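Source file: model-v3.tsv. Holds: TSV, C-alpha atoms.
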chain	number	residue	atom	x	y	z
A	16	MET	CA	23.03	-68.06	-44.52
A	17	ALA	CA	23.70	-71.60	-45.76
A	18	GLU	CA	22.82	-74.53	-43.57
A	19	GLU	CA	25.47	-77.07	-42.62
A	20	ILE	CA	24.92	-80.61	-43.86
A	21	CYS	CA	26.73	-83.35	-42.04
A	22	PHE	CA	27.11	-86.96	-43.18
A	23	PHE	CA	27.95	-89.35	-40.40
A	24	ASN	CA	27.52	-92.42	-42.56
A	25	LYS	CA	25.90	-93.39	-45.75
A	26	ASP	CA	22.51	-94.08	-44.13
A	27	THR	CA	22.23	-91.05	-41.85
A	28	LEU	CA	21.82	-87.42	-42.88
A	29	ILE	CA	21.69	-84.69	-40.19
A	30	ILE	CA	20.85	-81.10	-41.04
A	31	ARG	CA	21.96	-78.56	-38.30
A	32	PRO	CA	20.91	-74.89	-38.52
A	33	SER	CA	23.65	-72.30	-38.28
A	34	LYS	CA	24.10	-70.16	-35.11
A	35	LYS	CA	22.33	-66.75	-35.24
A	36	SER	CA	24.32	-63.61	-34.25
A	37	PRO	CA	23.51	-62.31	-30.69
A	38	VAL	CA	24.16	-58.72	-31.89
A	39	LEU	CA	21.16	-58.90	-34.17
A	40	LEU	CA	18.92	-59.97	-31.27
A	41	TRP	CA	20.10	-57.07	-29.12
A	42	ILE	CA	19.39	-54.61	-31.91
A	43	VAL	CA	15.85	-55.95	-32.27
A	44	VAL	CA	15.24	-55.70	-28.51
A	45	LEU	CA	16.67	-52.16	-28.40
A	46	VAL	CA	14.53	-50.93	-31.30
A	47	PHE	CA	11.44	-52.43	-29.69
A	48	ALA	CA	12.25	-50.74	-26.36
A	49	MET	CA	12.78	-47.37	-28.06
A	50	ILE	CA	9.45	-47.62	-29.87
A	51	CYS	CA	7.66	-48.45	-26.61
A	52	GLY	CA	9.44	-45.57	-24.81
A	53	LEU	CA	8.51	-43.04	-27.47
A	54	TYR	CA	4.89	-44.19	-27.36
A	55	ILE	CA	4.71	-43.87	-23.57
A	56	CYS	CA	6.40	-40.42	-23.64
A	57	SER	CA	3.96	-39.14	-26.27
A	58	ILE	CA	1.02	-40.18	-24.06
A	59	CYS	CA	2.55	-38.43	-21.02
A	60	VAL	CA	3.21	-35.22	-22.98
A	61	LYS	CA	-0.39	-35.14	-24.19
A	62	GLN	CA	-1.66	-35.58	-20.63
A	63	ILE	CA	0.61	-32.80	-19.31
A	64	ASN	CA	-0.50	-30.42	-22.08
A	65	THR	CA	-4.13	-31.19	-21.38
A	66	HIS	CA	-3.64	-30.60	-17.63
A	67	THR	CA	-1.80	-27.31	-18.24
A	68	LYS	CA	-4.48	-26.02	-20.58
A	69	THR	CA	-7.15	-26.96	-18.08
A	70	LYS	CA	-5.22	-25.15	-15.33
A	71	PHE	CA	-4.90	-21.96	-17.36
A	72	ILE	CA	-8.57	-22.10	-18.29
A	73	ASN	CA	-9.55	-22.54	-14.64
A	74	ILE	CA	-7.44	-19.55	-13.58
A	75	GLU	CA	-8.91	-17.43	-16.34
A	76	VAL	CA	-12.43	-18.33	-15.31
A	77	ILE	CA	-11.71	-17.48	-11.66
A	78	GLU	CA	-10.26	-14.07	-12.55
A	79	ARG	CA	-13.08	-13.25	-14.91
A	80	SER	CA	-15.69	-14.25	-12.36
A	81	CYS	CA	-14.25	-11.63	-9.96
A	82	HIS	CA	-15.16	-8.76	-12.24
A	83	ASP	CA	-18.52	-7.07	-11.91
A	84	TYR	CA	-19.31	-5.98	-15.43
A	85	GLY	CA	-22.23	-3.90	-14.16
A	86	ILE	CA	-19.98	-1.23	-12.64
A	87	ASP	CA	-18.89	2.04	-14.20
A	88	GLN	CA	-16.15	1.15	-16.69
A	89	SER	CA	-14.10	4.17	-15.58
A	90	GLN	CA	-13.72	2.57	-12.14
A	91	ILE	CA	-12.23	-0.72	-13.35
A	92	PRO	CA	-8.58	0.51	-13.16
A	93	TYR	CA	-9.11	1.23	-9.46
A	94	LEU	CA	-10.54	-2.18	-8.57
A	95	HIS	CA	-8.06	-4.83	-7.49
A	96	TYR	CA	-8.27	-8.47	-6.45
A	97	PRO	CA	-5.11	-9.11	-4.40
A	98	ARG	CA	-3.81	-12.63	-3.83
A	99	PRO	CA	-1.72	-12.34	-0.66
A	100	GLU	CA	1.22	-14.66	-0.17
A	101	THR	CA	0.74	-14.82	3.61
A	102	PHE	CA	-2.94	-15.82	3.86
A	103	SER	CA	-5.98	-16.71	1.79
A	104	ARG	CA	-8.80	-14.21	1.27
A	105	ALA	CA	-11.17	-17.22	1.23
A	106	GLU	CA	-14.76	-16.19	0.51
A	107	CYS	CA	-13.60	-12.58	0.00
A	108	THR	CA	-11.37	-13.44	-2.96
A	109	CYS	CA	-13.69	-11.65	-5.35
A	110	ASN	CA	-14.29	-8.62	-3.13
A	111	PRO	CA	-12.62	-5.72	-4.96
A	112	VAL	CA	-10.06	-3.64	-3.06
A	113	ARG	CA	-9.28	0.02	-3.68
A	114	LEU	CA	-5.78	1.34	-3.01
A	115	PHE	CA	-5.10	4.71	-1.40
A	116	ALA	CA	-2.41	6.81	0.26
A	117	ILE	CA	-2.93	9.70	2.69
A	118	LEU	CA	-0.42	12.39	1.71
A	119	SER	CA	0.19	14.89	4.47
A	120	MET	CA	2.67	16.70	6.72
A	121	GLN	CA	3.40	15.97	10.36
A	122	ARG	CA	0.94	17.47	12.86
A	123	SER	CA	-1.73	18.12	10.25
A	124	GLY	CA	-4.37	15.85	11.77
A	125	SER	CA	-3.43	12.77	9.75
A	126	GLY	CA	-3.31	10.53	12.84
A	127	TRP	CA	-6.84	11.54	13.89
A	128	PHE	CA	-8.06	11.27	10.29
A	129	GLU	CA	-6.62	7.77	9.94
A	130	THR	CA	-8.36	6.56	13.10
A	131	LEU	CA	-11.64	7.78	11.60
A	132	LEU	CA	-10.96	5.80	8.43
A	133	ASN	CA	-9.96	2.69	10.36
A	134	SER	CA	-13.22	2.78	12.31
A	135	HIS	CA	-14.84	1.73	9.02
A	136	ILE	CA	-15.22	-2.03	8.98
A	137	ASN	CA	-13.87	-2.33	5.43
A	138	VAL	CA	-10.82	-0.02	5.63
A	139	SER	CA	-7.22	-0.85	6.53
A	140	SER	CA	-4.94	2.16	6.81
A	141	ASN	CA	-1.56	0.95	8.05
A	142	GLY	CA	-0.02	4.04	9.60
A	143	GLU	CA	3.14	5.95	8.76
A	144	ILE	CA	5.06	3.08	7.18
A	145	PHE	CA	7.78	5.23	5.59
A	146	SER	CA	8.88	6.66	8.93
A	147	ALA	CA	11.48	3.87	8.80
A	148	LYS	CA	14.32	5.20	6.65
A	149	ASP	CA	15.36	1.84	5.21
A	150	ARG	CA	11.96	1.58	3.47
A	151	ARG	CA	12.59	4.81	1.58
A	152	ASP	CA	16.32	4.55	0.84
A	153	ASN	CA	15.65	4.43	-2.90
A	154	ILE	CA	12.78	3.92	-5.31
A	155	SER	CA	13.33	0.14	-5.32
A	156	SER	CA	12.80	-0.14	-1.56
A	157	ILE	CA	9.79	2.20	-1.83
A	158	VAL	CA	8.16	0.09	-4.55
A	159	LYS	CA	8.89	-3.12	-2.64
A	160	THR	CA	7.13	-1.69	0.43
A	161	LEU	CA	4.18	-0.42	-1.62
A	162	ASN	CA	3.71	-3.84	-3.21
A	163	ARG	CA	3.57	-5.52	0.20
A	164	VAL	CA	0.96	-3.08	1.46
A	165	TYR	CA	-1.24	-3.24	-1.61
A	166	ASN	CA	-1.00	-7.02	-1.85
A	167	LEU	CA	-2.40	-7.17	1.72
A	168	ASP	CA	0.83	-8.73	2.98
A	169	TRP	CA	1.52	-5.84	5.39
A	170	PHE	CA	0.37	-6.56	8.93
A	171	SER	CA	-0.52	-3.87	11.46
A	172	SER	CA	-3.15	-3.33	14.12
A	173	ALA	CA	-5.34	-1.81	11.41
A	174	SER	CA	-5.24	-4.83	9.08
A	175	LYS	CA	-8.70	-6.14	8.20
A	176	ASN	CA	-7.14	-8.78	5.92
A	177	GLU	CA	-9.66	-10.91	4.03
A	178	CYS	CA	-12.55	-8.53	3.44
A	179	SER	CA	-10.83	-5.17	3.16
A	180	ALA	CA	-12.52	-2.91	0.61
A	181	ALA	CA	-9.85	-0.20	0.78
A	182	VAL	CA	-6.23	-0.48	1.90
A	183	GLY	CA	-3.62	2.24	2.31
A	184	PHE	CA	-1.35	4.15	4.71
A	185	LYS	CA	-0.07	7.60	5.71
A	186	TRP	CA	2.81	9.13	3.77
A	187	MET	CA	4.44	12.34	4.96
A	188	LEU	CA	5.78	14.68	2.28
A	189	ASN	CA	9.28	14.63	3.82
A	190	GLN	CA	9.56	10.82	3.73
A	191	GLY	CA	10.90	10.33	0.20
A	192	LEU	CA	7.64	11.34	-1.45
A	193	MET	CA	8.88	14.60	-2.94
A	194	GLU	CA	12.35	13.30	-3.88
A	195	HIS	CA	10.93	10.40	-5.91
A	196	HIS	CA	7.66	12.02	-6.97
A	197	LYS	CA	8.00	11.15	-10.69
A	198	GLU	CA	8.38	7.42	-10.10
A	199	ILE	CA	5.71	7.42	-7.39
A	200	VAL	CA	3.19	9.23	-9.61
A	201	GLU	CA	3.90	6.67	-12.33
A	202	TYR	CA	3.35	3.86	-9.82
A	203	PHE	CA	0.11	5.40	-8.55
A	204	ASN	CA	-1.26	5.80	-12.06
A	205	SER	CA	-0.22	2.35	-13.25
A	206	ARG	CA	-1.57	0.60	-10.12
A	207	GLY	CA	-4.69	2.73	-9.75
A	208	VAL	CA	-3.74	4.21	-6.37
A	209	SER	CA	-5.91	7.13	-5.18
A	210	ALA	CA	-4.25	9.98	-3.28
A	211	ILE	CA	-5.95	11.66	-0.31
A	212	PHE	CA	-4.32	15.01	0.45
A	213	LEU	CA	-4.81	16.13	4.04
A	214	LEU	CA	-3.45	19.62	4.63
A	215	ARG	CA	-3.81	22.32	7.26
A	216	ARG	CA	-5.01	25.84	6.55
A	217	ASN	CA	-3.65	27.40	9.75
A	218	LEU	CA	0.07	26.76	9.47
A	219	LEU	CA	0.80	28.66	12.68
A	220	ARG	CA	-1.22	26.13	14.67
A	221	ARG	CA	0.64	23.36	12.90
A	222	MET	CA	3.92	24.96	13.96
A	223	VAL	CA	2.81	25.07	17.61
A	224	SER	CA	1.86	21.39	17.42
A	225	VAL	CA	5.20	20.44	15.81
A	226	LEU	CA	7.21	22.28	18.47
A	227	GLY	CA	5.12	20.85	21.30
A	228	ASN	CA	5.48	17.29	19.99
A	229	SER	CA	9.24	17.70	19.51
A	230	TYR	CA	9.59	18.94	23.09
A	231	ASP	CA	7.64	15.99	24.52
A	232	ARG	CA	9.87	13.47	22.72
A	233	TYR	CA	12.52	14.34	25.32
A	234	ALA	CA	10.46	15.71	28.22
A	235	LYS	CA	7.95	12.81	28.22
A	236	LEU	CA	5.40	14.78	30.20
A	237	LEU	CA	2.91	11.91	30.55
A	238	ASN	CA	4.46	9.83	33.33
A	239	GLY	CA	7.73	9.45	31.47
A	240	THR	CA	6.04	8.36	28.22
A	241	HIS	CA	6.00	10.27	24.94
A	242	LYS	CA	2.64	10.36	23.19
A	243	SER	CA	1.99	12.03	19.87
A	244	HIS	CA	-1.77	11.53	20.30
A	245	VAL	CA	-3.88	11.30	23.44
A	246	HIS	CA	-7.26	9.86	24.37
A	247	SER	CA	-8.31	11.89	27.40
A	248	PRO	CA	-8.83	15.61	28.17
A	249	GLU	CA	-6.46	15.29	31.15
A	250	GLU	CA	-3.60	14.08	28.93
A	251	ALA	CA	-4.35	16.83	26.41
A	252	ASP	CA	-4.20	19.49	29.14
A	253	THR	CA	-0.88	18.15	30.41
A	254	LEU	CA	0.73	18.36	26.97
A	255	SER	CA	-0.77	21.77	26.15
A	256	ASN	CA	0.75	23.27	29.29
A	257	TYR	CA	4.03	23.52	27.43
A	258	LYS	CA	4.17	26.80	25.50
A	259	PRO	CA	6.83	26.89	22.77
A	260	THR	CA	8.82	29.98	21.84
A	261	ILE	CA	8.53	30.66	18.12
A	262	ASN	CA	11.37	32.27	16.18
A	263	SER	CA	9.66	35.48	15.06
A	264	THR	CA	12.62	36.44	12.85
A	265	SER	CA	12.23	33.43	10.52
A	266	LEU	CA	8.48	33.00	11.07
A	267	MET	CA	7.36	34.51	7.76
A	268	ALA	CA	9.91	32.47	5.79
A	269	ASP	CA	8.98	29.29	7.67
A	270	LEU	CA	5.27	29.71	6.94
A	271	LYS	CA	6.04	30.45	3.29
A	272	GLN	CA	8.14	27.28	3.02
A	273	MET	CA	5.27	25.18	4.34
A	274	GLU	CA	2.96	26.72	1.75
A	275	VAL	CA	5.42	26.08	-1.07
A	276	THR	CA	5.93	22.44	-0.05
A	277	ALA	CA	2.19	21.77	-0.04
A	278	ALA	CA	1.73	23.55	-3.39
A	279	LYS	CA	4.53	21.51	-4.98
A	280	ALA	CA	3.01	18.26	-3.75
A	281	LEU	CA	-0.36	19.19	-5.24
A	282	GLU	CA	1.34	20.04	-8.52
A	283	TYR	CA	3.43	16.86	-8.63
A	284	PHE	CA	0.41	14.60	-8.02
A	285	SER	CA	-2.13	16.53	-10.08
A	286	SER	CA	-2.28	13.74	-12.69
A	287	THR	CA	-3.33	11.13	-10.12
A	288	ARG	CA	-6.85	10.43	-8.97
A	289	HIS	CA	-6.97	12.51	-5.80
A	290	ILE	CA	-9.06	14.45	-3.31
A	291	ILE	CA	-7.91	17.50	-1.28
A	292	LEU	CA	-9.03	17.81	2.33
A	293	TYR	CA	-8.27	20.37	5.05
A	294	TYR	CA	-8.09	19.48	8.70
A	295	GLU	CA	-10.09	22.56	9.76
A	296	ASP	CA	-12.95	21.66	7.40
A	297	LEU	CA	-13.16	18.14	8.83
A	298	ILE	CA	-13.19	19.47	12.40
A	299	LYS	CA	-15.97	21.95	11.69
A	300	ASN	CA	-18.03	19.68	9.47
A	301	ARG	CA	-17.73	15.95	10.13
A	302	THR	CA	-20.04	15.20	7.19
A	303	LYS	CA	-16.95	15.91	5.06
A	304	MET	CA	-15.99	12.32	5.81
A	305	VAL	CA	-18.90	11.29	3.61
A	306	ASP	CA	-16.95	12.79	0.70
A	307	VAL	CA	-14.05	10.51	1.60
A	308	GLU	CA	-16.27	7.43	1.74
A	309	GLU	CA	-17.71	8.32	-1.66
A	310	PHE	CA	-14.21	8.90	-3.03
A	311	LEU	CA	-13.20	5.40	-1.94
A	312	ARG	CA	-16.59	3.97	-2.99
A	313	LEU	CA	-17.26	2.71	0.52
A	314	PRO	CA	-20.65	2.07	2.11
A	315	GLN	CA	-21.42	4.96	4.44
A	316	MET	CA	-20.88	4.38	8.15
A	317	ASP	CA	-20.62	6.53	11.28
A	318	LEU	CA	-16.86	7.04	11.71
A	319	THR	CA	-15.43	7.67	15.16
A	320	SER	CA	-12.11	8.39	16.84
A	321	ARG	CA	-10.99	8.25	20.47
A	322	GLN	CA	-8.31	10.88	19.94
A	323	VAL	CA	-8.62	14.19	21.82
A	324	LYS	CA	-7.41	17.51	20.45
A	325	ILE	CA	-4.40	18.87	22.38
A	326	HIS	CA	-4.21	22.59	21.57
A	327	LYS	CA	-7.69	24.07	21.96
A	328	GLY	CA	-8.76	27.69	22.19
A	329	PRO	CA	-6.95	30.88	21.09
A	330	LEU	CA	-3.31	30.57	20.09
A	331	SER	CA	-2.40	33.38	22.45
A	332	GLY	CA	-2.65	30.81	25.24
A	333	HIS	CA	-0.27	28.36	23.54
A	334	ILE	CA	2.69	30.53	22.44
A	335	LYS	CA	5.16	31.85	25.02
A	336	ASN	CA	6.29	34.88	22.98
A	337	TRP	CA	2.82	35.69	21.71
A	338	ASP	CA	3.40	39.45	21.51
A	339	ASP	CA	6.38	39.00	19.15
A	340	VAL	CA	4.44	36.59	16.92
A	341	ASN	CA	1.37	38.84	16.91
A	342	LYS	CA	3.46	41.84	15.90
A	343	THR	CA	5.25	39.90	13.14
A	344	LEU	CA	2.11	38.62	11.43
A	345	ARG	CA	-0.15	41.65	11.74
A	346	GLY	CA	-0.79	43.30	8.38
A	347	THR	CA	0.55	40.26	6.43
A	348	THR	CA	-1.18	37.55	4.40
A	349	TYR	CA	-0.84	35.33	7.47
A	350	GLU	CA	-2.65	37.62	9.91
A	351	SER	CA	-5.74	35.38	9.85
A	352	PHE	CA	-3.68	32.64	11.52
A	353	LEU	CA	-3.66	34.73	14.70
A	354	TYR	CA	-7.42	34.58	15.17
A	355	ALA	CA	-8.60	31.33	13.62
A	356	ASP	CA	-10.04	28.90	16.14
A	357	TYR	CA	-12.16	25.76	15.95

As structure tokens, how would this structure be written, given the file I've shared?
Amino acid sequence: MAEEICFFNKDTLIIRPSKKSPVLLWIVVLVFAMICGLYICSICVKQINTHTKTKFINIEVIERSCHDYGIDQSQIPYLHYPRPETFSRAECTCNPVRLFAILSMQRSGSGWFETLLNSHINVSSNGEIFSAKDRRDNISSIVKTLNRVYNLDWFSSASKNECSAAVGFKWMLNQGLMEHHKEIVEYFNSRGVSAIFLLRRNLLRRMVSVLGNSYDRYAKLLNGTHKSHVHSPEEADTLSNYKPTINSTSLMADLKQMEVTAAKALEYFSSTRHIILYYEDLIKNRTKMVDVEEFLRLPQMDLTSRQVKIHKGPLSGHIKNWDDVNKTLRGTTYESFLYADY
């Protein structure tokens, strides 16, 4: 741009520079600001990436450190390291947890069996959680409930929380288990859940127990309170005083149906890791509980229960129409039920 030359007189010459455009100055300032901004952003992005990578590496190291590579490789799918949302496992973070479910039918000794398990310092068995219908409405609600239990976010009186070595619950066959067996088997196998079948050999005794418990729900023989399980001989005697009348006409069909249900459950869950137990065997030989501890890979302990058996002695003393029942079952495959005692 040409400079302006001004002549005020013949002796004086003044040279005045031309005015620069303010737009050009703004452009220069803007470009400079953009360059500085890009530089600062690039530094921040690098720091974020470095922090993220470090975070992922730290998590990976923590998870790897929780695995004991000295164990049997076949057991790895059954070892879990839950990270509960409701509490911290603290120093027990790397204690492996095994998942289990007790599959049974009502009045088959599952309550007594569960108290034995819960007497182990490292076991949390959370009761009959699917007795509530809303938890078993569909497979989605079932899976949601299972996830809470196995993530240690289910709280009950049996919860050991931080240092549990095995966590599970009771699941009755008529509580959505059979209806959704395909999805549940898939869940068990994918999550490494072990099934503990607890069945009863003497189905006639189970029937007496079912009828007696159903009666007490309304009669409330123990001072106006219904109890499915008792802790004293006096309470047991009070409940056993009631003698149910068994329908001898449908008795054979009813016993057969119980057998079929149990057989189907065993067939449905045959592909899972499982153990089959019978109530009578546990009563006669308490060392059978050692098999359960080994199945769950637990340290052996003396397991105890405060529960007292209600119906003791010969069945003839617990069934009102004993003669009809005796006549119906004699000479059949179920005749042994009439005499079995323990």

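Between atom CA of A:Ser209 and atom CA of A:Ala277 the interatomic distance comes to 17.5 Å.
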
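Closest approach to A:Ile199 among A:Thr287, A:Ser224, A:Ser331, A:Ser229: A:Thr287, based on all atoms listed in the file.
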
Let me know the centre plus edge lengths, in Å and rounded to one decimal, of a box with edges along x, y and z that contains all listed atoms of stretch 241-252 of chain A and is padded by 5 Å on every side, as JSON.
{"center_x": -1.4, "center_y": 14.7, "center_z": 25.5, "size_x": 24.8, "size_y": 19.6, "size_z": 21.3}

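Relative to atom CA of A:Asn256, atom CA of A:Arg220 is found at 15.0 Å.
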
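Closest approach to A:Gly191 among A:Ala280, A:Leu213, A:Glu129, A:Arg104: A:Ala280, based on all atoms listed in the file.
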
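Residue neighbourhood of stretch 292-299 of chain A, excluding near-sequence residues (fewer than 4 positions): A:Ser119, A:Ser123, A:Gly124, A:Ser125, A:Trp127, A:Phe128, A:Ile211, A:Phe212, A:Leu213, A:Leu214, A:Arg215, A:Arg216, A:Asn217, A:Lys303, A:Met304, A:Asp306, A:Val307, A:Ala355, A:Asp356, A:Tyr357, at 10 Å, using all atoms listed in the file.
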
**Item:** 8 Å contact set for stretch 269-274 of chain A, all atoms listed in the file, chain neighbours under 4 positions out, as an MDAnalysis selection string
**Value:** chainID A and resid 218:219 265 278

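The space between atom CA of A:His95 and atom CA of A:Thr319 spans 26.9 Å.
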